[in-house]
Structure formats: structure tokens, C-alpha cells
Amino acid sequence: MRLSPDDVRHVAELAKLSLTAEEAQEYAEQLSDILEYADALKEIDTTGVAPTPYVLPLTSVMREDEPHDGLSNEEALANAPDAADGFFRVKAYFGE
Amino acid sequence: MNLYELTIQEALDGMDRGDFTAVELTADLLGRIGAVEREIQSFLTVTGELALAQAARADARRRQGDASPLLGIPLGIKDVLSTRDVETTCGSKILKGYVPPYTATSVKKLEAAGMVMLGKTNTDEFAMGSSTENSAYHTTRNPWNLERVPGGSSGGSAAAVAAGEALGALGTDTGGSVRQPASFCGVVGLKPSYGRVSRYGLVAYGSSLDQIGTLTKDVRDAALLLNVIAGHDPRDSTSLPDATPDYRTALTGDVRGLRVGVPAEYFIDGIEPDVEQAVREAIAQLAHLGAEIIPVSLPNTDKAVPVYYMIATAEAGANLARFDGIRFGYSAGADRLMDNYRQTRGEGFGPEVKRRIMLGTYVLSAGYYDAYYGKAQQVRTLMKQDFEDVFSRVDVIACPVSPTTAFKIGEKSDDPMAMYLADVFTLSLNLAGMCGISVPCGLDAAGLPIGLQLIGPHLGEEVILRTAHAYEQSTNFGLSVGGLAAASRRHVAG
């Protein structure tokens, strides 16, 4: 199936990516080509085949619940675009 | 001979004999970088002062009798590996200026072993690409021909080693990103089995596929580096607790009786004749050395590209959600929080990264999950079973790394599908968790290197190193260090 630029804008919104109109058009073409190519997988009979999300057996790895040194507050904030009073600062979600 | 032409082993021997110091060696490498980097552009950051300080410490340690395995060895580190106090961009604008507060385990292990870090090498943005053309900063050139790509995504690391700008380097391989640039640049590229090397501090692309690997001038150096970086790490729950052998002991030079499988599906239409001929001659050489050649089949090989691009992009979409302009990296500074997310990511990521995030988001979205992502995970099981079947009958698989030699810069950059399809020979073993190595096996008519790929079973690093080493020792392509340095000198001069 082919994606429209509107489909692409919907996916971009899910992924929180701003796109220009030109980008939406170009990605619609390119993503459609890739998905059509991936349609070849539908011809393979996978009845009763278990999925492989990881190649290793999935096991919960536990460790002793002992405190370790982590990053200091200063180190954690050192790369922040905006910080105040020892916290990350974000833009308002709501506003006038 | 210039010091920068040495292998790691030769440099260690030279320093142990007292022929030269780590400071002299490092200064020689920095001089080489100064001479050729303007043309090759392997690095995103060169850490010259840090390197000389580390080299001085290595010399002091050696004088005190320290015998750490990489004492004073100058290496490059791919810029997707976190390095404390050294900018780590992943080749992306969204991480411009980001200085990690911690160091990746693999790099830490190299440092403990005495490495001198020369700098951070160029990569396709977030390791997504096959040419370094997706780097937000610059495209690295192939030292064998400056109009050609070095391959990717670890193209900076491969080119640095091939051009004599580093004695070795770390790369990462999610779908071929160590082996393919090694093949294009005429160096040795080792992708260990999934779980063999800790991924802690590697900025994640496809978490079930990513593995850190090495780029070196020969197979012995690959074993030396793997000895240091392999092993369990409590900080990576997918790193395996299995004991790490001394991989050098695998380098026996003897492949008599070794069963080498040759999969028909890796010799297809579209493979360049020079590549096919060189790889077939390399397989004949293994037979000449006493290996038994066995035709095998990996019937789902042609599904590797769609399976990989469904799974890797789904994982990438989730992994790259962390780049939100709040905790680190670029921030667009929009007035509202949601607008700031959209603009930060829209402006900070390059076109290929956005393409893969959207593809991954789409295949995971309601209504399409089963048809694309779920289906790909099932076909992945079949591909893994194909390998397990073959490895019940052979010890190692021999095949090409890439259907072509290094292509021209710009030749495929506007055609993502063409770029994806060229990865067909390298993707399967990441999906199955196997290990693989690319070792030079000749030049095409244009003088560009060709790579032989040897694939081993999970945790089969010893058998692929043994096979690659025996092959390398028995051939004389002039692809050894002198040949590489001569090639890069010639092309840089021209």
C-alpha cells in the first residue's frame, strides 16, 4: 500500500517530528517503496513460528540491591539546554 | 618505515624493545593525521593533547614494568561510543556539543589496557548508513580513492586505519557497519557475536542487533583488541557471562580439516564479477590450505533486507525517543513544550534518521504491527534456524561482504532503497546474533579493495579468527600495512 503525505504527517506526529510539506511528500514516496518491498515477507508461511525479539534467551538479570554512586546533580545537569535550582527546566505545556 | 605504518603488535614489540616511546609513536600518528586528515576526514574530533598525556602515562607505566596489553597504542573511537569529557555527537547535529558524563565500558577497558585515544571517528548519523554520507558534519573519503566512500557506518574508523591515522579503531555493527567499511577500505573488520562485548555507553540504534567491533590492519590485531573489550559487564544485561578465551591462541595458521560452507544465495545477480572472482579464489585458497569446502543453503537470505529494516527501525524509533531537547543536546527553543519536541527533533535529526524513525513508528503502530514488525520477528526466527542448520554441518561460512567495491560519493545518496539493498550480505548475521569478520582478499580492476566475509556461529570468534588469520598469512596482496600506507599516500598526493 502507498502512504499519502497525510499518513506521513500522522506518523511524524506520533514520533514528534516537525516536517515541511516537501519532506512529507518525499517521505510518502520513499516509505511507500520500502513498505512495498517489505510486503514480500507476507508470502512466507510463518504459521506456528515463534518471534525472535532477541537472539539470546530472555532472562531477568538481577543484582544485589546495594547503593552505588551515580552522577552528581551537577553532572546530570551539565548538558541541559535549560536548568534551574538543580532541575531540568521545560517550556510550558499550556499557555495563553 | 614510519611508525604510523606499524600494526598494533609491531608497535607493542617496538616499545617493549625500547626502539621508540608511546609519546614518539603518538606524535607520529598525530603528524600523519595532520598531513592527510584534510583529504580523508576520518575524524570528528582529534584529541591531540589528551593523547600525548595518555602516551606519557603509558611510557611511565611501561618503565615501571607494567605489561598491560595495549600500553601506549593509539586508537580511534567511533563517535557513537560515549567518552567522558570528550564531545560525543553520533554524527548528529542533535548532539552537537554533548559531553558525556561517563565512558562506554568497551572504551574504559581499552583505557585500562593502556590505549591512547587519538579522537572520535566519523559515522553516519546514529550509525544509520553505509557510506558516512549521512554524517551531519562531513563525508569521509576512501583512502584508496578520494572520490569513493569509505563505507559505513564505521567509515571514519575504517578510513583512519587504512590511511595510517590510527593503529586500530573501534566501530559498531548493527547490519554490517564494521565489516562493509573494512571491506571497502582494505582492512580487517571484526563483528563479535551479540552479547560478547558490553554495549554500555554505546548510543543505541537497534538494541537487539548492535554490537561493538574492531577495525585493524591484520587479524592478530583484531584478536588483541577483542581480548580487551570482550566479556561480561554488570551494566549491560545482554552481555554474556561466558568466559573470554585468549583469542590469540586461535591463530594457529592451520585450517586442515576445517569445514567451510559456501552459501549459494550469496553469489547472486548484481554481484560485481571482480568481487565474485576474488571471493571464489579466496575460498579455493582455503581449500588449498586443507579446508573442506561444502556447498550450503541459507534460503531466507533475500528476506534479510526487509526483516532488518522492519526490526532495526522499530528499535531505532523507540531508542531515539530520548532526544527531546530537555536533558541534553540541541533544543529548538520553541515557546510550548510539544512544539519544542517537534521542532527540536525535526531540526536536529537528518533525513535518514527521520526516515528510519518514521518507518519504525509506522511498523509498530496500531493496525500494522502484526503485518510488518511481528512478521519480521517470525521470519527472523527462520533465518536464525537456517544458520543453526548450516552450523550443524560446517565450522565457518565463507562469502562476500558486499556485492560491490567502494562506490562513488553521491552515487547512491538520493536513493535509500539502493543503499539498503547493498547490505544484503551483512544483515543476516546481526539478525541471527552470529559473529563475522571481513578480511581483504584482493583488488578489483579499479584498484579498490575487496573483502572476504567469514561467518561463525554464536560465540564462534575463535574459528573465524583462525580461518581469517590462516588465509591472511597465506596470501600476498600487498594489502598489508605498507601497501595501505602507500595507497593512501599515493591518493592523497594525487
# chains A, B, ... in the order shown; residues from 1 in each chain; ligands from 1

$ select_by_dssp --residues "chain A" --states "helix (DSSP H, G or I)" --output "ChimeraX atom specification"
/A:5-14,21-43,73-77

$ write_last_selection --atoms "C-alpha atoms" --output "PDB file, in the first residue's frame"
ATOM      1  CA  PRO A   5       1.551  12.824   2.767  1.00  0.00           C
ATOM      2  CA  ASP A   6      -1.254  12.923   5.368  1.00  0.00           C
ATOM      3  CA  ASP A   7      -0.335   9.409   6.524  1.00  0.00           C
ATOM      4  CA  VAL A   8       3.264  10.557   6.840  1.00  0.00           C
ATOM      5  CA  ARG A   9       2.225  13.614   8.856  1.00  0.00           C
ATOM      6  CA  HIS A  10       0.254  11.323  11.198  1.00  0.00           C
ATOM      7  CA  VAL A  11       3.309   9.093  11.744  1.00  0.00           C
ATOM      8  CA  ALA A  12       5.529  12.153  12.175  1.00  0.00           C
ATOM      9  CA  GLU A  13       3.172  13.425  14.871  1.00  0.00           C
ATOM     10  CA  LEU A  14       3.373  10.081  16.686  1.00  0.00           C
ATOM     11  CA  ALA A  21       5.408  19.937   3.073  1.00  0.00           C
ATOM     12  CA  GLU A  22       8.242  18.887   0.766  1.00  0.00           C
ATOM     13  CA  GLU A  23       9.525  16.403   3.340  1.00  0.00           C
ATOM     14  CA  ALA A  24       6.044  14.894   3.811  1.00  0.00           C
ATOM     15  CA  GLN A  25       5.767  14.393   0.048  1.00  0.00           C
ATOM     16  CA  GLU A  26       9.247  12.891  -0.303  1.00  0.00           C
ATOM     17  CA  TYR A  27       8.886  10.584   2.690  1.00  0.00           C
ATOM     18  CA  ALA A  28       5.486   9.378   1.412  1.00  0.00           C
ATOM     19  CA  GLU A  29       7.205   8.124  -1.744  1.00  0.00           C
ATOM     20  CA  GLN A  30      10.239   6.629  -0.015  1.00  0.00           C
ATOM     21  CA  LEU A  31       8.391   4.941   2.855  1.00  0.00           C
ATOM     22  CA  SER A  32       5.855   3.506   0.411  1.00  0.00           C
ATOM     23  CA  ASP A  33       8.654   1.989  -1.671  1.00  0.00           C
ATOM     24  CA  ILE A  34      10.213   0.381   1.397  1.00  0.00           C
ATOM     25  CA  LEU A  35       6.879  -0.965   2.687  1.00  0.00           C
ATOM     26  CA  GLU A  36       6.004  -2.396  -0.717  1.00  0.00           C
ATOM     27  CA  TYR A  37       9.355  -4.135  -0.720  1.00  0.00           C
ATOM     28  CA  ALA A  38       8.627  -5.477   2.780  1.00  0.00           C
ATOM     29  CA  ASP A  39       5.347  -6.930   1.524  1.00  0.00           C
ATOM     30  CA  ALA A  40       7.471  -9.837   0.241  1.00  0.00           C
ATOM     31  CA  LEU A  41       7.502 -11.086   3.832  1.00  0.00           C
ATOM     32  CA  LYS A  42       3.756 -11.728   3.661  1.00  0.00           C
ATOM     33  CA  GLU A  43       4.350 -14.575   1.205  1.00  0.00           C
ATOM     34  CA  ASN A  73      23.340  16.681  40.308  1.00  0.00           C
ATOM     35  CA  GLU A  74      25.841  18.956  38.562  1.00  0.00           C
ATOM     36  CA  GLU A  75      26.992  16.194  36.197  1.00  0.00           C
ATOM     37  CA  ALA A  76      23.408  15.230  35.355  1.00  0.00           C
ATOM     38  CA  LEU A  77      22.528  18.823  34.501  1.00  0.00           C
TER      39      LEU A  77
END

$ residues_around --residues "Met15 in chain B" --least-positions-apart "3" --cutoff "12 Å" --atoms "only C-alpha atoms" --output "PyMOL selection string"
chain B and resi 3+6+8-12+18-26+55+58-59+61-63+67+69-73

$ closest_atom_pairs --of "chain A" --to "chain B" --cutoff "6 Å" --atoms "only C-alpha atoms" --output "Markdown table"
| residue | atom | partner | partner_atom | distance |
| --- | --- | --- | --- | --- |
| A:Lys16 | CA | B:Arg342 | CA | 4.7 |
| A:Leu17 | CA | B:Arg342 | CA | 4.5 |
| A:Ser18 | CA | B:Gly346 | CA | 4.6 |
| A:Ala38 | CA | B:Pro306 | CA | 4.8 |
| A:Val49 | CA | B:Gln378 | CA | 5.8 |
| A:Ala50 | CA | B:Gln378 | CA | 5.8 |
| A:Pro51 | CA | B:Gln378 | CA | 4.2 |
| A:Thr52 | CA | B:Gln377 | CA | 5.1 |
| A:Tyr54 | CA | B:Ser208 | CA | 5.6 |
| A:Val55 | CA | B:Gly433 | CA | 5.8 |
| A:Asn79 | CA | B:Phe328 | CA | 4.7 |
| A:Ala80 | CA | B:Phe328 | CA | 4.6 |
| A:Lys91 | CA | B:Leu337 | CA | 4.8 |
| A:Ala92 | CA | B:Arg336 | CA | 5.5 |
| A:Tyr93 | CA | B:Leu337 | CA | 5.0 |

$ atom_distance --atom1 "CA of Ser183 in chain B" --atom2 "CA of Ser413 in chain B"
19.3 Å

$ residues_around --residues "range 81-94 of chain B" --least-positions-apart "6" --cutoff "10 Å" --atoms "only C-alpha atoms" --output "ChimeraX atom specification"
/B:44-47,50,100-108,119-128,132,134-138,153,170-172,199-204,212,323-325,328-332,344-350,353

$ write_last_selection --atoms "C-alpha atoms" --output "PDB file, in the first residue's frame"
ATOM      1  CA  LEU B  44      35.012  14.326  14.019  1.00  0.00           C
ATOM      2  CA  THR B  45      37.238  15.240  16.964  1.00  0.00           C
ATOM      3  CA  VAL B  46      41.008  14.830  17.329  1.00  0.00           C
ATOM      4  CA  THR B  47      42.114  14.791  20.970  1.00  0.00           C
ATOM      5  CA  LEU B  50      44.783  14.167  25.687  1.00  0.00           C
ATOM      6  CA  PRO B 100      29.076  12.608  28.191  1.00  0.00           C
ATOM      7  CA  PRO B 101      29.481  12.350  31.969  1.00  0.00           C
ATOM      8  CA  TYR B 102      30.590   8.715  31.649  1.00  0.00           C
ATOM      9  CA  THR B 103      32.616   6.423  29.375  1.00  0.00           C
ATOM     10  CA  ALA B 104      31.432   3.334  27.495  1.00  0.00           C
ATOM     11  CA  THR B 105      32.624   0.069  29.059  1.00  0.00           C
ATOM     12  CA  SER B 106      34.471  -1.001  25.885  1.00  0.00           C
ATOM     13  CA  VAL B 107      36.423   2.279  25.843  1.00  0.00           C
ATOM     14  CA  LYS B 108      37.072   2.080  29.577  1.00  0.00           C
ATOM     15  CA  GLY B 119      39.964  11.058  18.785  1.00  0.00           C
ATOM     16  CA  LYS B 120      36.416  10.276  17.758  1.00  0.00           C
ATOM     17  CA  THR B 121      35.853   8.942  14.252  1.00  0.00           C
ATOM     18  CA  ASN B 122      33.176   9.916  11.768  1.00  0.00           C
ATOM     19  CA  THR B 123      29.979   7.918  11.338  1.00  0.00           C
ATOM     20  CA  ASP B 124      26.698   8.037   9.534  1.00  0.00           C
ATOM     21  CA  GLU B 125      24.270   9.810  11.852  1.00  0.00           C
ATOM     22  CA  PHE B 126      23.443   7.437  14.737  1.00  0.00           C
ATOM     23  CA  ALA B 127      25.194   4.681  12.726  1.00  0.00           C
ATOM     24  CA  MET B 128      22.402   4.734  10.129  1.00  0.00           C
ATOM     25  CA  THR B 132      29.326   8.186   6.101  1.00  0.00           C
ATOM     26  CA  ASN B 134      24.670  10.634   6.414  1.00  0.00           C
ATOM     27  CA  SER B 135      27.055  12.279   8.880  1.00  0.00           C
ATOM     28  CA  ALA B 136      25.746  15.755   9.716  1.00  0.00           C
ATOM     29  CA  TYR B 137      29.347  17.041   9.676  1.00  0.00           C
ATOM     30  CA  HIS B 138      31.215  15.722   6.660  1.00  0.00           C
ATOM     31  CA  SER B 153      28.579   3.470   9.180  1.00  0.00           C
ATOM     32  CA  LEU B 170      36.500   0.636  17.469  1.00  0.00           C
ATOM     33  CA  GLY B 171      33.413   0.615  15.310  1.00  0.00           C
ATOM     34  CA  THR B 172      29.871  -0.649  15.754  1.00  0.00           C
ATOM     35  CA  ARG B 199      27.075  -2.172  24.833  1.00  0.00           C
ATOM     36  CA  TYR B 200      27.021   0.081  27.913  1.00  0.00           C
ATOM     37  CA  GLY B 201      27.754   3.610  26.742  1.00  0.00           C
ATOM     38  CA  LEU B 202      27.079   2.811  23.082  1.00  0.00           C
ATOM     39  CA  VAL B 203      24.338   5.199  21.953  1.00  0.00           C
ATOM     40  CA  ALA B 204      21.695   2.671  20.921  1.00  0.00           C
ATOM     41  CA  ILE B 212      30.840  -3.163  19.096  1.00  0.00           C
ATOM     42  CA  PHE B 323      16.359  13.025  22.164  1.00  0.00           C
ATOM     43  CA  ASP B 324      13.794  15.539  23.332  1.00  0.00           C
ATOM     44  CA  GLY B 325      15.767  18.758  23.762  1.00  0.00           C
ATOM     45  CA  PHE B 328      20.996  17.155  26.684  1.00  0.00           C
ATOM     46  CA  GLY B 329      21.731  18.112  23.116  1.00  0.00           C
ATOM     47  CA  TYR B 330      20.101  20.550  20.748  1.00  0.00           C
ATOM     48  CA  SER B 331      16.946  22.396  21.734  1.00  0.00           C
ATOM     49  CA  ALA B 332      14.952  24.447  19.236  1.00  0.00           C
ATOM     50  CA  THR B 344      13.974  20.036  18.219  1.00  0.00           C
ATOM     51  CA  ARG B 345      13.670  16.604  16.613  1.00  0.00           C
ATOM     52  CA  GLY B 346      12.624  17.886  13.193  1.00  0.00           C
ATOM     53  CA  GLU B 347      15.603  20.258  13.028  1.00  0.00           C
ATOM     54  CA  GLY B 348      18.117  18.158  14.975  1.00  0.00           C
ATOM     55  CA  PHE B 349      17.828  14.866  13.085  1.00  0.00           C
ATOM     56  CA  GLY B 350      18.986  14.441   9.499  1.00  0.00           C
ATOM     57  CA  VAL B 353      17.354   9.297  10.760  1.00  0.00           C
TER      58      VAL B 353
END

$ residues_around --residues "Ser42 in chain B" --least-positions-apart "5" --cutoff "8 Å" --atoms "only C-alpha atoms" --output "ChimeraX atom specification"
/B:37,121-122,140-141,155-157,159-160

$ closest_residue --among "B:Glu39, B:Ile397, B:Trp144, B:Glu472" --to "Gln285 in chain B" --atoms "only C-alpha atoms"
B:Glu472

$ select_by_dssp --residues "range 183-260 of chain B" --states "strand (DSSP E or B)" --output "list of chain:residue names"
B:Val188, B:Gly189, B:Leu190, B:Lys191, B:Val197, B:Leu202, B:Ile212, B:Gly213, B:Thr214, B:Leu215, B:Thr216, B:Ala230, B:Arg259, B:Val260

$ closest_residue --among "B:Ala53, B:Ala422, B:Ala398, B:Ala406" --to "Gly186 in chain B" --atoms "only C-alpha atoms"
B:Ala406

$ atom_distance --atom1 "CA of Thr46 in chain A" --atom2 "CA of Pro299 in chain B"
14.4 Å

$ residues_around --residues "range 252-269 of chain B" --least-positions-apart "6" --cutoff "7 Å" --atoms "only C-alpha atoms" --output "PyMOL selection string"
chain B and resi 289-299+301+394-400+425+466-467+469-470

$ atom_distance --atom1 "CA of Gly31 in chain B" --atom2 "CA of Val219 in chain B"
25.7 Å
